Amino acid sequence: MIPGIPSKLLIERRIMNVKLILCLVVVFSGGLFGCSTMVKHPSDLPLRYHNAQYGFTFFLPASWKGYSVLTQQWEGETYSREKDTEVVLARGPIIVLRNPQWKMNNLYQDIPIYVFTRQQWDDIHLGKYNAVGAGGVIYELWHDDKYVFGMHSRYNSGDSVNGWKEAQDIVHQNCAAHPEPHLHDI
């Protein structure tokens, strides 16, 4: 404990340091940067998933024919001193693209895409709440006029899951199809 600095502040500072380190790792490893709104169809990803509600398009390889789409939910949380607990300030969808080979006893890597309104994305970057969950950061894949599409930095952290490298390559190819700059520097 550092005299004069509350322990909650020290924990928040440590979390920010971890986030910064993860960001630097992604930047120096080629990461998920260079994505935005001008969609260019990647030539070796012939399947097209389109979500009309969010104006979201994502391309997949032929080997994903028969993929499924699940919808989950992220929650934006912050600590409430008054209630001495985490409180939810925002919610939004996670569109999960599931490899057709996925089975309960033989898992394949999902591709989970977080959907944020532009205001939610700004609020996250202003530190109003956190939508990450168990560590890591959310990176912007690309955005349009209404929404920001993001991905958790640890979506493929289980390298024992089948297809994790393929999923990573698919995400990178989709990002390359959206060359505009991101809304916020990390």
# chains A, B, ... in the order shown; residues from 1 in each chain; ligands from 1
>>> select_by_dssp(residues="stretch 14-163 of chain A", states="strand (DSSP E)", output="MDAnalysis selection string")
chainID A and resid 47:51 56:60 68:80 85:98 111:117 138:143 147:152
>>> residues_around(residues="A:Lys65", least_positions_apart="3", cutoff="9 Å", atoms="only C-alpha atoms", output="list of chain:residue names")
A:Leu47, A:Leu60, A:Pro61, A:Ala62, A:Asn99, A:Pro100
>>> write_last_selection(atoms="C-alpha atoms", output="mmCIF file, in the first residue's frame")
data_model
loop_
_atom_site.group_PDB
_atom_site.id
_atom_site.type_symbol
_atom_site.label_atom_id
_atom_site.label_comp_id
_atom_site.auth_asym_id
_atom_site.auth_seq_id
_atom_site.Cartn_x
_atom_site.Cartn_y
_atom_site.Cartn_z
ATOM 1 C CA LEU A 47 -19.255 -17.330 -47.286
ATOM 2 C CA LEU A 60 -15.980 -17.003 -43.648
ATOM 3 C CA PRO A 61 -14.083 -19.745 -45.514
ATOM 4 C CA ALA A 62 -15.863 -22.523 -47.418
ATOM 5 C CA ASN A 99 -17.702 -23.442 -36.635
ATOM 6 C CA PRO A 100 -19.942 -26.211 -38.066
#
>>> closest_residue(among="A:Tyr79, A:Tyr147, A:Gly163, A:Asp110", to="A:Val96", atoms="only C-alpha atoms")
A:Asp110
>>> atom_distance(atom1="atom CA of A:Lys103", atom2="atom CA of A:Ser157")
18.7 Å
>>> select_by_dssp(residues="stretch 39-178 of chain A", states="helix (DSSP H, G or I)", output="NGL selection string")
:A and (62-64 or 118-125 or 164-176)
>>> residues_around(residues="stretch 166-171 of chain A", least_positions_apart="4", cutoff="7 Å", atoms="only C-alpha atoms", output="list in words")
Leu60, Gln109, Ile111 and Cys175 of chain A
>>> write_last_selection(atoms="N, CA, C and O atoms", output="mmCIF file, in the first residue's frame")
data_model
loop_
_atom_site.group_PDB
_atom_site.id
_atom_site.type_symbol
_atom_site.label_atom_id
_atom_site.label_comp_id
_atom_site.auth_asym_id
_atom_site.auth_seq_id
_atom_site.Cartn_x
_atom_site.Cartn_y
_atom_site.Cartn_z
ATOM 1 N N LEU A 60 -16.502 -15.743 -44.184
ATOM 2 C CA LEU A 60 -15.980 -17.003 -43.648
ATOM 3 C C LEU A 60 -15.485 -17.895 -44.774
ATOM 4 O O LEU A 60 -15.953 -17.785 -45.917
ATOM 5 N N GLN A 109 -13.114 -23.314 -32.110
ATOM 6 C CA GLN A 109 -13.084 -21.905 -31.729
ATOM 7 C C GLN A 109 -14.248 -21.134 -32.333
ATOM 8 O O GLN A 109 -14.446 -21.150 -33.544
ATOM 9 N N ILE A 111 -16.151 -17.394 -33.062
ATOM 10 C CA ILE A 111 -15.736 -16.026 -33.372
ATOM 11 C C ILE A 111 -16.805 -15.110 -32.765
ATOM 12 O O ILE A 111 -17.880 -14.947 -33.329
ATOM 13 N N CYS A 175 -10.666 -7.983 -40.879
ATOM 14 C CA CYS A 175 -10.173 -6.660 -40.488
ATOM 15 C C CYS A 175 -9.489 -5.959 -41.659
ATOM 16 O O CYS A 175 -9.665 -4.761 -41.858
#
>>> closest_residue(among="A:Thr71, A:Asn130, A:Thr57, A:Ser160", to="A:Leu107", atoms="only C-alpha atoms")
A:Ser160
>>> residues_around(residues="A:Phe59", least_positions_apart="6", cutoff="10 Å", atoms="only C-alpha atoms", output="VMD selection string")
chain A and resid 40 to 50 170 to 171 173 to 174 177
